[in-house]
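Peer 1: Below is the file work-v6.csv, with CSV, C-alpha atoms.
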```csv
chain,number,residue,atom,x,y,z
A,1,MET,CA,14.4,15.5,-18.5
A,2,CYS,CA,15.0,12.5,-16.2
A,3,VAL,CA,17.2,13.0,-13.2
A,4,VAL,CA,19.3,10.5,-11.3
A,5,GLY,CA,21.8,11.2,-8.6
A,6,ALA,CA,22.6,8.1,-6.4
A,7,ARG,CA,22.4,4.4,-6.4
A,8,PRO,CA,18.7,4.0,-5.5
A,9,ASN,CA,17.7,6.2,-8.4
A,10,PHE,CA,19.4,4.0,-11.0
A,11,MET,CA,17.2,1.0,-10.4
A,12,LYS,CA,14.1,3.2,-10.6
A,13,MET,CA,15.0,5.1,-13.7
A,14,ALA,CA,16.2,2.2,-15.9
A,15,PRO,CA,12.7,0.7,-16.6
A,16,ILE,CA,11.2,4.2,-16.9
A,17,LEU,CA,13.6,5.2,-19.7
A,18,ARG,CA,12.8,1.9,-21.5
A,19,ALA,CA,9.1,2.4,-21.1
A,20,LEU,CA,9.3,6.0,-22.4
A,21,ALA,CA,11.1,4.8,-25.5
A,22,ALA,CA,8.7,1.9,-26.0
A,23,HIS,CA,5.6,4.0,-25.7
A,24,ARG,CA,3.7,4.6,-29.0
A,25,PRO,CA,4.3,7.4,-29.8
A,26,PRO,CA,7.7,7.5,-28.0
A,27,LEU,CA,8.3,10.1,-25.3
A,28,PRO,CA,11.7,11.6,-26.0
A,29,SER,CA,13.8,11.9,-22.9
A,30,MET,CA,17.3,13.0,-21.8
A,31,LEU,CA,19.1,11.6,-18.8
A,32,VAL,CA,20.8,13.9,-16.4
A,33,HIS,CA,23.1,12.4,-13.8
A,34,THR,CA,23.9,14.9,-11.0
A,35,GLY,CA,27.0,12.9,-9.9
A,36,GLN,CA,25.8,12.7,-6.3
A,37,HIS,CA,26.8,9.0,-6.2
A,38,TYR,CA,29.7,8.4,-3.8
A,39,ASP,CA,31.7,6.2,-6.2
A,40,GLN,CA,31.9,7.0,-9.9
A,41,GLY,CA,33.4,3.6,-10.7
A,42,MET,CA,30.6,1.8,-9.0
A,43,SER,CA,28.1,4.2,-10.6
A,44,HIS,CA,29.4,3.1,-14.0
A,45,GLN,CA,29.0,-0.6,-13.1
A,46,LEU,CA,25.5,0.0,-11.9
A,47,PHE,CA,24.6,1.7,-15.2
A,48,GLU,CA,25.9,-1.3,-17.1
A,49,ASP,CA,24.1,-3.9,-14.9
A,50,LEU,CA,20.8,-2.1,-15.4
A,51,GLY,CA,21.2,-1.3,-19.1
A,52,LEU,CA,21.0,2.4,-18.4
A,53,PRO,CA,22.3,4.6,-21.3
A,54,THR,CA,25.2,6.9,-20.8
A,55,PRO,CA,23.8,10.1,-19.3
A,56,ASP,CA,23.3,12.9,-21.8
A,57,LEU,CA,24.6,15.2,-19.1
A,58,ASN,CA,26.7,14.5,-15.9
A,59,LEU,CA,26.8,17.5,-13.5
A,60,GLU,CA,29.6,15.8,-11.5
A,61,VAL,CA,28.6,17.3,-8.2
A,62,GLY,CA,30.2,14.7,-5.9
A,63,SER,CA,29.9,14.4,-2.2
A,64,GLY,CA,29.5,17.1,0.5
A,65,SER,CA,27.2,18.1,3.3
A,66,HIS,CA,23.5,18.1,2.7
A,67,ALA,CA,23.5,21.9,2.2
A,68,VAL,CA,26.6,22.0,0.0
A,69,GLN,CA,25.4,19.1,-2.2
A,70,THR,CA,21.9,20.4,-2.6
A,71,ALA,CA,23.1,23.9,-3.4
A,72,GLU,CA,25.7,22.6,-5.9
A,73,VAL,CA,23.1,20.4,-7.7
A,74,MET,CA,20.8,23.5,-8.0
A,75,ARG,CA,23.6,25.7,-9.3
A,76,ARG,CA,24.6,23.2,-12.0
A,77,PHE,CA,21.2,22.0,-13.0
A,78,GLU,CA,19.7,25.4,-13.7
A,79,PRO,CA,21.7,26.1,-16.8
A,80,ALA,CA,20.9,22.6,-18.2
A,81,LEU,CA,17.2,23.4,-17.7
A,82,ASP,CA,17.6,26.7,-19.4
A,83,ASP,CA,19.4,25.1,-22.4
A,84,HIS,CA,17.1,22.2,-23.0
A,85,LYS,CA,13.7,23.6,-22.0
A,86,PRO,CA,12.0,20.2,-21.3
A,87,ALA,CA,8.3,19.7,-21.1
A,88,CYS,CA,8.7,18.3,-17.6
A,89,VAL,CA,11.4,17.2,-15.2
A,90,LEU,CA,11.0,13.6,-13.8
A,91,VAL,CA,12.6,12.8,-10.5
A,92,VAL,CA,12.6,9.6,-8.5
A,93,GLY,CA,13.0,8.7,-4.8
A,94,ASP,CA,14.2,10.9,-2.0
A,95,VAL,CA,17.9,11.8,-2.4
A,96,ASN,CA,19.3,15.3,-2.3
A,97,SER,CA,19.3,15.5,-6.1
A,98,THR,CA,15.6,14.8,-6.2
A,99,LEU,CA,14.7,17.8,-4.1
A,100,ALA,CA,17.4,20.1,-5.6
A,101,CYS,CA,16.3,19.6,-9.2
A,102,THR,CA,12.6,19.9,-8.2
A,103,LEU,CA,13.2,23.3,-6.6
A,104,VAL,CA,15.0,24.6,-9.7
A,105,ALA,CA,12.3,23.3,-12.0
A,106,VAL,CA,9.3,24.7,-10.0
A,107,LYS,CA,10.9,28.1,-9.7
A,108,LYS,CA,11.4,28.1,-13.5
A,109,ASN,CA,7.7,27.0,-13.9
A,110,VAL,CA,8.7,23.7,-15.4
A,111,PRO,CA,6.3,20.8,-14.4
A,112,VAL,CA,7.7,18.2,-12.0
A,113,VAL,CA,6.9,14.5,-12.0
A,114,HIS,CA,7.8,12.6,-8.8
A,115,VAL,CA,8.0,8.8,-9.0
A,116,GLU,CA,7.8,7.0,-5.7
A,117,ALA,CA,5.7,9.8,-4.1
A,118,GLY,CA,3.9,9.7,-0.8
A,119,LEU,CA,6.1,7.4,1.2
A,120,ARG,CA,6.5,8.5,4.8
A,121,SER,CA,8.5,7.2,7.8
A,122,HIS,CA,7.0,10.0,10.0
A,123,ASP,CA,10.6,10.5,11.3
A,124,ARG,CA,11.7,14.0,10.3
A,125,LYS,CA,15.2,13.3,11.7
A,126,MET,CA,15.8,11.4,8.5
A,127,PRO,CA,17.0,13.7,5.7
A,128,GLU,CA,15.2,11.6,3.1
A,129,GLU,CA,11.9,12.3,4.9
A,130,ILE,CA,12.4,16.0,4.4
A,131,ASN,CA,13.3,15.5,0.8
A,132,ARG,CA,10.1,13.4,0.2
A,133,ILE,CA,7.8,15.8,1.9
A,134,LEU,CA,9.1,19.0,0.1
A,135,THR,CA,9.2,17.3,-3.3
A,136,ASP,CA,5.7,16.1,-3.0
A,137,GLN,CA,4.4,19.5,-2.0
A,138,VAL,CA,5.5,21.2,-5.2
A,139,ALA,CA,5.4,18.3,-7.7
A,140,ASP,CA,2.7,18.4,-10.4
A,141,ARG,CA,2.2,14.7,-11.1
A,142,LEU,CA,2.9,12.1,-8.3
A,143,TYR,CA,3.2,8.4,-9.0
A,144,THR,CA,2.8,6.1,-6.0
A,145,THR,CA,4.0,2.5,-5.2
A,146,GLU,CA,1.4,1.6,-2.6
A,147,ARG,CA,-2.1,2.8,-1.8
A,148,SER,CA,-1.2,4.1,1.6
A,149,ALA,CA,0.8,6.8,-0.1
A,150,LEU,CA,-2.3,8.6,-1.3
A,151,GLU,CA,-3.6,8.9,2.3
A,152,ASN,CA,-0.3,10.5,3.3
A,153,LEU,CA,-0.4,13.0,0.5
A,154,VAL,CA,-4.1,13.9,1.0
A,155,ARG,CA,-3.4,14.4,4.7
A,156,GLU,CA,-0.7,16.9,3.7
A,157,GLY,CA,-3.0,18.9,1.4
A,158,VAL,CA,-2.0,17.3,-1.9
A,159,ALA,CA,-5.0,17.1,-4.3
A,160,ALA,CA,-5.9,13.5,-5.1
A,161,GLU,CA,-6.2,14.3,-8.8
A,162,ARG,CA,-2.5,15.0,-8.9
A,163,VAL,CA,-1.7,11.4,-7.7
A,164,CYS,CA,-1.7,8.2,-9.7
A,165,PHE,CA,-1.1,4.7,-8.3
A,166,VAL,CA,1.2,2.8,-10.7
A,167,GLY,CA,3.1,0.2,-8.6
A,168,ASN,CA,6.8,-0.1,-8.0
A,169,VAL,CA,9.5,0.6,-10.7
A,170,MET,CA,12.1,-0.8,-8.4
A,171,ILE,CA,10.4,-4.2,-8.7
A,172,ASP,CA,10.4,-3.7,-12.5
A,173,SER,CA,14.2,-3.7,-12.4
A,174,LEU,CA,14.3,-6.6,-10.0
A,175,LEU,CA,12.0,-8.9,-12.0
A,176,SER,CA,13.8,-8.2,-15.3
A,177,SER,CA,17.2,-8.6,-13.8
A,178,ARG,CA,16.6,-11.6,-11.6
A,179,PRO,CA,17.5,-14.2,-14.3
A,180,HIS,CA,20.9,-12.4,-14.7
A,181,ALA,CA,21.7,-12.2,-10.9
A,182,LYS,CA,25.3,-13.3,-10.1
A,183,PRO,CA,25.5,-16.5,-8.1
A,184,THR,CA,26.7,-15.9,-4.6
A,185,ALA,CA,29.6,-18.4,-4.9
A,186,GLN,CA,30.8,-16.5,-7.9
A,187,THR,CA,30.7,-13.2,-6.1
A,188,LEU,CA,32.6,-14.6,-3.1
A,189,ARG,CA,35.3,-16.2,-5.2
A,190,PHE,CA,35.8,-12.9,-7.0
A,191,HIS,CA,36.7,-11.4,-3.6
A,192,GLY,CA,39.0,-14.3,-2.7
A,193,ILE,CA,36.5,-15.9,-0.3
A,194,ASP,CA,35.9,-19.7,-0.1
A,195,PRO,CA,32.1,-20.1,-0.6
A,196,SER,CA,32.1,-23.2,1.6
A,197,LEU,CA,32.6,-20.9,4.6
A,198,ILE,CA,28.9,-19.9,4.4
A,199,LEU,CA,27.1,-22.0,1.8
A,200,HIS,CA,26.0,-24.9,4.0
A,201,GLU,CA,22.7,-26.1,5.6
A,202,LYS,CA,21.7,-22.9,7.4
A,203,GLY,CA,23.0,-20.6,4.7
A,204,TYR,CA,24.0,-17.0,5.5
A,205,GLY,CA,22.6,-13.7,6.4
A,206,LEU,CA,23.2,-10.6,4.3
A,207,VAL,CA,23.9,-7.3,6.1
A,208,THR,CA,23.9,-3.7,4.9
A,209,LEU,CA,24.1,-0.6,7.1
A,210,HIS,CA,24.5,3.0,6.0
A,211,ARG,CA,22.0,5.3,7.8
A,212,PRO,CA,23.6,8.1,9.8
A,213,SER,CA,21.5,7.2,12.8
A,214,ASN,CA,23.1,3.8,12.8
A,215,VAL,CA,26.7,4.4,11.7
A,216,ASP,CA,27.7,8.0,12.6
A,217,ASP,CA,27.5,7.5,16.4
A,218,ALA,CA,30.4,5.4,17.8
A,219,ASP,CA,28.3,3.9,20.6
A,220,THR,CA,25.4,2.9,18.3
A,221,LEU,CA,27.7,1.4,15.7
A,222,ARG,CA,29.7,-0.4,18.4
A,223,ARG,CA,26.5,-1.9,19.8
A,224,LEU,CA,25.2,-3.0,16.4
A,225,LEU,CA,28.4,-4.6,15.4
A,226,GLY,CA,28.4,-6.5,18.7
A,227,ILE,CA,24.9,-7.7,18.0
A,228,LEU,CA,25.8,-8.8,14.5
A,229,SER,CA,28.8,-10.7,15.9
A,230,GLU,CA,26.4,-12.6,18.3
A,231,VAL,CA,24.1,-13.4,15.4
A,232,ALA,CA,27.0,-14.7,13.4
A,233,GLN,CA,27.6,-17.4,15.9
A,234,SER,CA,24.4,-19.1,14.8
A,235,LEU,CA,24.4,-17.9,11.2
A,236,PRO,CA,27.4,-16.6,9.2
A,237,LEU,CA,27.0,-13.1,7.8
A,238,VAL,CA,28.0,-11.4,4.5
A,239,PHE,CA,28.4,-7.7,5.3
A,240,ALA,CA,28.5,-5.5,2.1
A,241,LEU,CA,30.2,-2.4,3.6
A,242,HIS,CA,29.0,1.0,2.5
A,243,PRO,CA,31.9,3.5,2.3
A,244,ARG,CA,30.4,5.6,5.1
A,245,THR,CA,30.2,2.6,7.3
A,246,ARG,CA,33.7,1.4,6.6
A,247,HIS,CA,35.0,4.9,7.2
A,248,ASN,CA,33.3,5.2,10.5
A,249,MET,CA,34.4,1.7,11.6
A,250,ASP,CA,38.0,2.7,10.9
A,251,ARG,CA,37.5,6.1,12.5
A,252,PHE,CA,36.0,4.7,15.7
A,253,GLY,CA,38.5,1.8,15.9
A,254,LEU,CA,35.7,-0.8,15.5
A,255,MET,CA,37.0,-3.1,12.7
A,256,ASP,CA,38.0,-5.7,15.3
A,257,ARG,CA,34.4,-5.7,16.7
A,258,VAL,CA,33.4,-8.3,14.0
A,259,ASP,CA,34.6,-11.9,14.0
A,260,ALA,CA,36.3,-12.1,10.6
A,261,ARG,CA,35.7,-15.9,10.5
A,262,ARG,CA,32.0,-15.5,10.8
A,263,VAL,CA,31.3,-12.0,9.3
A,264,LEU,CA,32.7,-11.8,5.8
A,265,LEU,CA,33.3,-8.1,4.8
A,266,LEU,CA,32.8,-7.2,1.2
A,267,PRO,CA,33.2,-3.8,-0.6
A,268,PRO,CA,30.1,-2.2,-2.2
A,269,GLN,CA,28.5,-4.6,-4.7
A,270,GLY,CA,27.1,-4.1,-8.2
A,271,TYR,CA,23.4,-4.5,-8.7
A,272,LEU,CA,23.6,-8.1,-10.1
A,273,GLU,CA,25.9,-9.2,-7.4
A,274,MET,CA,23.7,-7.7,-4.7
A,275,LEU,CA,20.6,-9.2,-6.3
A,276,GLY,CA,22.3,-12.7,-6.1
A,277,LEU,CA,23.3,-12.2,-2.5
A,278,MET,CA,19.8,-11.2,-1.5
A,279,ARG,CA,18.1,-14.0,-3.5
A,280,ASP,CA,20.4,-16.7,-2.0
A,281,ALA,CA,20.3,-15.4,1.6
A,282,THR,CA,18.5,-17.0,4.5
A,283,LEU,CA,17.7,-13.6,5.8
A,284,VAL,CA,18.7,-9.9,5.4
A,285,LEU,CA,19.6,-7.4,8.1
A,286,THR,CA,19.5,-3.9,6.8
A,287,ASP,CA,18.5,-0.2,7.3
A,288,SER,CA,17.9,0.3,3.5
A,289,GLY,CA,14.5,1.2,2.2
A,290,GLY,CA,15.2,-0.4,-1.2
A,291,LEU,CA,16.2,-3.7,0.3
A,292,GLN,CA,13.0,-3.8,2.3
A,293,GLU,CA,11.2,-3.8,-1.1
A,294,GLU,CA,13.5,-6.1,-2.9
A,295,THR,CA,13.4,-8.8,-0.2
A,296,THR,CA,9.6,-8.6,-0.2
A,297,ALA,CA,9.6,-9.2,-3.9
A,298,LEU,CA,12.1,-12.1,-3.5
A,299,GLY,CA,10.2,-13.6,-0.5
A,300,VAL,CA,13.4,-13.4,1.7
A,301,PRO,CA,12.9,-12.6,5.4
A,302,CYS,CA,14.2,-9.1,6.1
A,303,LEU,CA,15.0,-7.6,9.5
A,304,THR,CA,15.1,-3.8,9.3
A,305,LEU,CA,17.3,-2.1,11.9
A,306,ARG,CA,15.2,1.0,12.2
A,307,GLU,CA,12.3,2.1,14.4
A,308,SER,CA,10.1,3.1,11.5
A,309,THR,CA,9.8,2.5,7.7
A,310,GLU,CA,8.5,4.7,4.9
A,311,ARG,CA,7.5,1.5,3.1
A,312,PRO,CA,4.9,0.0,5.5
A,313,ILE,CA,3.5,-2.4,2.9
A,314,THR,CA,6.8,-4.4,3.2
A,315,ALA,CA,5.9,-5.2,6.8
A,316,GLU,CA,2.1,-5.4,6.4
A,317,GLN,CA,2.1,-7.7,3.4
A,318,GLY,CA,5.8,-8.5,2.7
A,319,SER,CA,8.7,-10.3,4.4
A,320,ASN,CA,9.9,-7.3,6.4
A,321,THR,CA,10.0,-7.0,10.2
A,322,LEU,CA,11.0,-3.8,12.1
A,323,VAL,CA,13.4,-4.8,14.9
A,324,GLY,CA,15.1,-1.4,15.6
A,325,CYS,CA,18.5,-1.7,17.3
A,326,ASP,CA,17.3,-3.8,20.2
A,327,GLY,CA,19.6,-6.8,20.6
A,328,GLN,CA,17.0,-9.1,22.1
A,329,ALA,CA,14.5,-8.3,19.3
A,330,ILE,CA,17.1,-9.0,16.6
A,331,ARG,CA,18.3,-12.2,18.2
A,332,SER,CA,14.7,-13.4,18.7
A,333,ALA,CA,13.7,-12.6,15.1
A,334,VAL,CA,16.8,-14.4,13.7
A,335,ALA,CA,16.0,-17.5,15.9
A,336,ASP,CA,12.4,-17.5,14.5
A,337,ILE,CA,13.7,-17.4,10.9
A,338,LEU,CA,16.2,-20.2,11.5
A,339,ARG,CA,13.5,-22.5,12.9
A,340,GLY,CA,11.3,-21.8,9.9
A,341,ALA,CA,9.0,-19.2,11.4
A,342,GLY,CA,10.1,-16.2,9.4
A,343,LYS,CA,7.9,-14.1,7.2
A,344,CYS,CA,7.8,-14.8,3.5
A,345,GLY,CA,4.9,-12.5,2.7
A,346,ARG,CA,3.3,-11.9,-0.7
A,347,MET,CA,3.8,-9.6,-3.6
A,348,PRO,CA,2.0,-6.3,-3.1
A,349,GLU,CA,-0.5,-5.0,-5.5
A,350,LEU,CA,0.9,-3.8,-8.9
A,351,TRP,CA,4.4,-5.0,-8.1
A,352,ASP,CA,4.2,-6.9,-11.3
A,353,GLY,CA,7.0,-5.5,-13.4
A,354,GLN,CA,4.8,-3.1,-15.4
A,355,ALA,CA,4.9,0.0,-13.3
A,356,ALA,CA,7.1,1.9,-15.7
A,357,HIS,CA,4.7,1.2,-18.6
A,358,ARG,CA,1.8,2.6,-16.6
A,359,ILE,CA,3.9,5.7,-15.9
A,360,ALA,CA,4.7,6.2,-19.6
A,361,ALA,CA,1.0,5.8,-20.6
A,362,ASP,CA,-0.2,8.2,-17.9
A,363,LEU,CA,2.6,10.7,-18.6
A,364,TRP,CA,1.7,10.8,-22.3
A,365,ARG,CA,-1.9,11.6,-21.5
A,366,TRP,CA,-1.0,14.2,-18.9
A,367,LEU,CA,1.5,16.0,-21.1
A,368,ALA,CA,-1.0,16.0,-24.0
A,369,ALA,CA,-3.7,17.5,-21.7
A,370,GLY,CA,-1.4,20.4,-20.7
A,371,ALA,CA,0.6,19.0,-17.9
A,372,ARG,CA,-1.0,21.1,-15.1
```
Give the structure from this file in structure tokens form.
Peer 2:
Amino acid sequence: MCVVGARPNFMKMAPILRALAAHRPPLPSMLVHTGQHYDQGMSHQLFEDLGLPTPDLNLEVGSGSHAVQTAEVMRRFEPALDDHKPACVLVVGDVNSTLACTLVAVKKNVPVVHVEAGLRSHDRKMPEEINRILTDQVADRLYTTERSALENLVREGVAAERVCFVGNVMIDSLLSSRPHAKPTAQTLRFHGIDPSLILHEKGYGLVTLHRPSNVDDADTLRRLLGILSEVAQSLPLVFALHPRTRHNMDRFGLMDRVDARRVLLLPPQGYLEMLGLMRDATLVLTDSGGLQEETTALGVPCLTLRESTERPITAEQGSNTLVGCDGQAIRSAVADILRGAGKCGRMPELWDGQAAHRIAADLWRWLAAGAR
């Protein structure tokens, strides 16, 4: 039983489902969508972009506080587990659905497989960090994207024999989808924007913001929007607005803090549109963990507006630089990139598009051996 709940899960699950079906012998699977994703219309588009099958079951949980959402996923997932009696439950990433379904499964004595285990920001104020730590503590098989994850898990008391380094399934999706990425000009025209506004010698910067620490506090969001407006004077920006960010900009009266001539605001984008925007960008400014990985794979300089990252390999080997919310650090890093001194990095170990096949092969052996 494979569980997805929100946008980051979809990119990770698509190659896994294909690999399970392609394995010889095949590993039968059913896809459960908890419905945690904020926009069901966008969720449908992402499924199409990634070639994900229609979920066998949609729990239709919807949004809510962390407590309400986690509890509702658990309440609705338990009957599904009882009805289908899977050999194991496979969860990905660190969203609320990941932890909620894990808790239900382990209390029912159903083995749990966690894909993307062992990543740590060491910032327990992040809800995702709590989800990661708790899921890893009770999961039975843990698949990691980078070698440092094993050190984190062993330090927390997880037995090394439960862990398998397979690479990054997010990059499986990126590499297979890159030839189909939507050209930036096409995406802009679709939204009524003249591509000539940004497609010139310097190019453009792509922006995403959604973390509560950046967008839920009026002063922090006001300061960040001011910094982005300053950056936009030397490099036009395309800002794909998360619903949470747009809501807070409206709520705090901050929509006029961005120069509409230099910062082009877009609604949430599909996977192929976002992939094209990243691929064609001069740089990316983000607080997203997934974009740190994707920009590393694309060799696009990434400035992460956070003080820590749970994906250190993107900064150590890839194109990512942590700049926090410090205006001077952000402006300096942008200037470095524009004069050709930005980080391009290199592709990390096992980010080769075959991670899902390694998972399927190991999962088959593990299940055949008794799954404990």
Peer 1: Enter the distance from CA of Ser97 in chain A to CA of Thr245 in chain A, in Å, rounded to one decimal.
Peer 2: 21.6 Å
Peer 1: Counting all atoms listed in the file, which of A:Thr34, A:Asn109, A:Ser196, A:Asn152 gets nearest to Pro86 in chain A?
Peer 2: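 Using all atoms listed in the file, the shortest distance to Pro86 in chain A belongs to A:Asn109.
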Peer 1: Just how far from CA of His247 in chain A is CA of Tyr271 in chain A, in Å to one decimal?
Peer 2: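 Spanning CA of Tyr271 in chain A to CA of His247 in chain A is a straight-line distance of 21.8 Å.
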Peer 1: Which residues are close to Arg124 in chain A, i.e. within 12 Å by all atoms listed in the file, leaving aside same-chain residues fewer than 4 positions away? Reply as a list in words.
Peer 2: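 My list of contacting residues is Arg120, Glu128, Glu129, Ile130, Asn131, Arg132, Ile133, Leu134, Ser308, Thr309 and Glu310 of chain A.
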Peer 1: Would you work out the distance separating CA of Ala67 in chain A from CA of Asn96 in chain A, expressed in Å to one decimal?
Peer 2: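 Between CA of Ala67 in chain A and CA of Asn96 in chain A the gap works out to 9.0 Å.
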Peer 1: Which residue is closest to Leu174 in chain A? Choose from A:Met42, A:Ala360, A:Met278, A:Val110 and count only C-alpha atoms.
Peer 2: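 Counting only C-alpha atoms, the residue closest to Leu174 in chain A is A:Met278.
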